[in-house]
Structure formats: C-alpha cells, structure tokens
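**Student:** This is the structure, below, for whatever I ask next.
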Amino acid sequence: MPNLDQQVSESDYPENELNLTEIIFVVVQNLKTLIFVPLLAGAIVAAVAAAWPTRFESVAWQSGDLLLVAQYNSAQVRDHIIQEMKYSRPEEDLDAARERLAGDLKVTFSAKEKLVTIRGSAKDAQDARRMVTLAIEKTGEVNKRRTDALQRIKEQYELALQRDRQYASAIANLTQKLAQPPSNTGASSDFSLVQLLGAAREAQGMTTGLASVLAQAESFDVIQAPTTATRGARVNPLFASLVAALGTVVGLLLLIFALQAFRNAAKRPEQAQRLSDLKLEWQKVTKRGH
C-alpha cells in the first residue's frame with residue numbers, strides 16, 4: 001500500500017506541471033542562455049542608444065490663428081527655408097525635402113490661448129534656431145498685406161483719438177465762454193456749441209467703430225523670439241541596456257518554462273493527443289494566414 005507522501009506527490013504534482021525542483025533544474029540547465037543572450041541584447045541596445053544622433057531644438061511663440069499656421073505650412077515658406085539652408089540632400093528631390101522638413105519644423109496652435117508654437121529641430125544648434133527664424137521672417141512677408149492694413153487702421157484710430165481730444169477741448173472752452181455774462185455774441189455762441197457737439201458725436205462714433213475693428217482684428221505679434229537651441233531628450237544608454245537585458249531575461253524564462261511544460265505534457269498519452277490536435281489547429285490557422 002502506497003504511503004501518504006506518494007499519494008500527495010502523485011495527485012498534487014502531475015507530470016505535465018513544473019514543481020520547484022524542476023524549475024531550478026530548468027534554470028540551471030539554461031543558465032548560459034539566460035546570461036549571454038540578455039547581455040548581448042543589452043549591448044546591442046546600448047550601442048544603438050549611444051550612436052543615436054543628437055538633436056537640438058529651438059522654439060518661438062506667436063499670437064495668431066489657424067490661418068497663420070496654414071501660412072507657416074505653405075510651400076512658399078517651406079521652400080524658402082529649404083533654399084536658404086541648403087536643406088535638400090543630393091539624392092532627394094524637392095518633395096522628399098519638404099517631407100523631411102515637416103518632421104523637423106512643426107507648427108501647432110492652441111485655440112484656448114490663441115498661441116502659435118513654432119518648433120524647429122536640427123543636428124546643429126545654430127541650424128535649429130535659424131530654421132525657426134527663417135520661418136517667422138518669411139511668414140511675416142507672406143502676411144505683410146494683412147499686417148499693413150492693420151497698421152493703417154491703428155494710425156487712423158490714433159488720429160481719431162487726437163481729434164476727439166481736440167473736440168473735447170473746444171467744447172470746454174466754448175462752455176466756459178457761455179458761462180460768462182451775456183454779450184451780443186451769446187446767440188451765435190449757442191449755435192456754435194450745438195454744431196460742435198454734433199461734430200464731436202460723429203467723431204466719437206468713428207472712433208468707436210475703429211476701436212471695434214481693432215478689437216476683432218488678429219495681431220500676429222511674435223511673443224517670444226526663437227530661443228537658443230537646447231539639446232533634445234536623449235535615451236540613456238545604460239538605462240536602455242538594463243531594460244533590454246531584464247526584458248530579455250523575462251521573455252526567455254517564459255519561453256523556457258513553456259517549452260518544458262509541453263515536453264512534460266507530451267509524456268502522457270492523453271496530453272500527447274491534445275498537443276497533436278493543437279499542432280493541427282495551429283497549422284490550419286497558419287495556412288489560412290498565407
């Protein structure tokens with residue numbers, strides 16, 4: 001009659017499961033693989049991270065709207081940058097250079113703050129800042145007609161304010177004269193005051209209209225000039241290699257234990273049949289995929 005230890009062993013640890021002893025044995029058996037493969041993976045990732053090219057970024061901010069963003073992304077502005085910076089490579093055409101510039105010069109818009117952000121990146125710090133500067137200058141030229149019209153309205157508004165002050169001064173002087181003792185010119189002074197008040201009201205209406213136009217007009221002032229280019233974020237080679245090595249160890253352990261579990265299952269007839277059925281189903285799935 002089998003003792004209690006044998007019954008517990010046979011019932012609680014089937015042949016297709018891994019117990020603690022077998023886990024240790026599997027790890028020791030594959031120890032070389034678990035050491036050298038993660039080390040190799042970590043070394044490769046560290047080499048790639050160290051060789052990754054350094055990028056510099058320069059940023060500028062400008063008040064504006066979606067129309068301004070469209071002007072920054074226009075071919076007229078982009079082609080100017082490509083030409084001035086000799087951005088095109090010998091083996092690429094203009095379309096390829098534009099596509100590459102789209103990744104290096106990015107313009108975004110914040111509707112809440114009505115703020116346009118111009119961000120340029122390059123391998124050289126001066127190139128990054130020059131890229132943003134050229135974009136602002138060329139977009140300013142493209143937008144010059146709108147800017148000139150806005151400037152003319154501002155000048156008219158200043159003149160209107162000056163005229164309002166002159167009318168106010170004239171009304172004050174005429175009112176002061178009317179407050180003096182009556183004279184032969186009293187009636188004509190009253191008539192002049194009425195005319196002056198009418199003209200002042202008309203001038204104030206024009207000033208109010210100009211102020212309304214200015215309030216609704218978008219001023220595309222550069223809030224922050226292109227900043228001195230700073231080094232972009234770079235992956236730490238040591239940290240990257242550690243993460244790669246640890247990830248490789250975990251992946252190898254899962255693979256090794258899964259293979260060992262399949263080997264144990266194949267030793268039992270009923271499990272072997274299930275594995276055979278599983279292989280057939282897998283073959284059917286792969287055939288459908290092809």
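Lettering and numbering for the structure tokens are positional, with chains as A, B, ... in the shown order, residues counted from 1 in each chain, and ligands counted from 1 in the shown order.
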Assign secondary structure with DSSP using the backbone only, and return the residues of stretch 61-141 of chain A in strand (DSSP E) as a PDB file with C-alpha atoms, in the first residue's frame.

**Tutor:**
```pdb
ATOM      1  CA  TRP A  61       5.722  81.658 -29.795  1.00  0.00           C
ATOM      2  CA  GLN A  62       3.468  83.989 -31.756  1.00  0.00           C
ATOM      3  CA  SER A  63      -0.094  85.195 -31.293  1.00  0.00           C
ATOM      4  CA  LEU A 105       9.767  72.128 -38.343  1.00  0.00           C
ATOM      5  CA  LYS A 106       6.447  71.717 -36.533  1.00  0.00           C
ATOM      6  CA  VAL A 107       3.838  74.451 -36.039  1.00  0.00           C
ATOM      7  CA  THR A 108       0.965  73.936 -33.594  1.00  0.00           C
ATOM      8  CA  PHE A 109      -1.940  76.110 -32.467  1.00  0.00           C
ATOM      9  CA  SER A 110      -3.604  76.489 -29.060  1.00  0.00           C
ATOM     10  CA  LEU A 115      -0.990  80.984 -29.457  1.00  0.00           C
ATOM     11  CA  VAL A 116       1.075  79.519 -32.303  1.00  0.00           C
ATOM     12  CA  THR A 117       4.151  77.484 -31.367  1.00  0.00           C
ATOM     13  CA  ILE A 118       6.983  77.135 -33.893  1.00  0.00           C
ATOM     14  CA  ARG A 119       9.412  74.347 -33.029  1.00  0.00           C
ATOM     15  CA  GLY A 120      12.491  73.554 -35.126  1.00  0.00           C
ATOM     16  CA  SER A 121      14.979  70.735 -34.631  1.00  0.00           C
ATOM     17  CA  ALA A 122      18.323  70.003 -36.281  1.00  0.00           C
TER      18      ALA A 122
END
```

**Student:** Of the residues A:Leu259, A:Lys32, A:Ala46, A:Ala168, which is the one nearest to A:Ala244, using only C-alpha atoms?

**Tutor:**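 Closest candidate: A:Ala46.
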
**Student:** Find the residues around A:Asp104 up to 12 Å (only C-alpha atoms counted), leave out those fewer than 6 positions away in its own chain, and share them as a list in words.

**Tutor:** Arg55, Phe56, Glu57, Ser58, Val59, Arg78, Ile81, Ile82, Tyr87, Ala97, Arg98, Ile118, Arg119, Gly120, Ser121, Ala122, Lys123, Asp127, Ala128, Arg129, Met131 and Val132 of chain A

**Student:** Would you mind telling me which residue in A:Ala47, A:Ala41, A:Ala125, A:Val142 lies nearest to A:Leu68 when using only C-alpha atoms?

**Tutor:**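 Looking at the shortest contact to A:Leu68, the residue is A:Val142.
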
**Student:** How far is it from atom CA of A:Gln76 to atom CA of A:Lys138, in Å with one decimal?

**Tutor:**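 Between atom CA of A:Gln76 and atom CA of A:Lys138 the gap works out to 8.3 Å.
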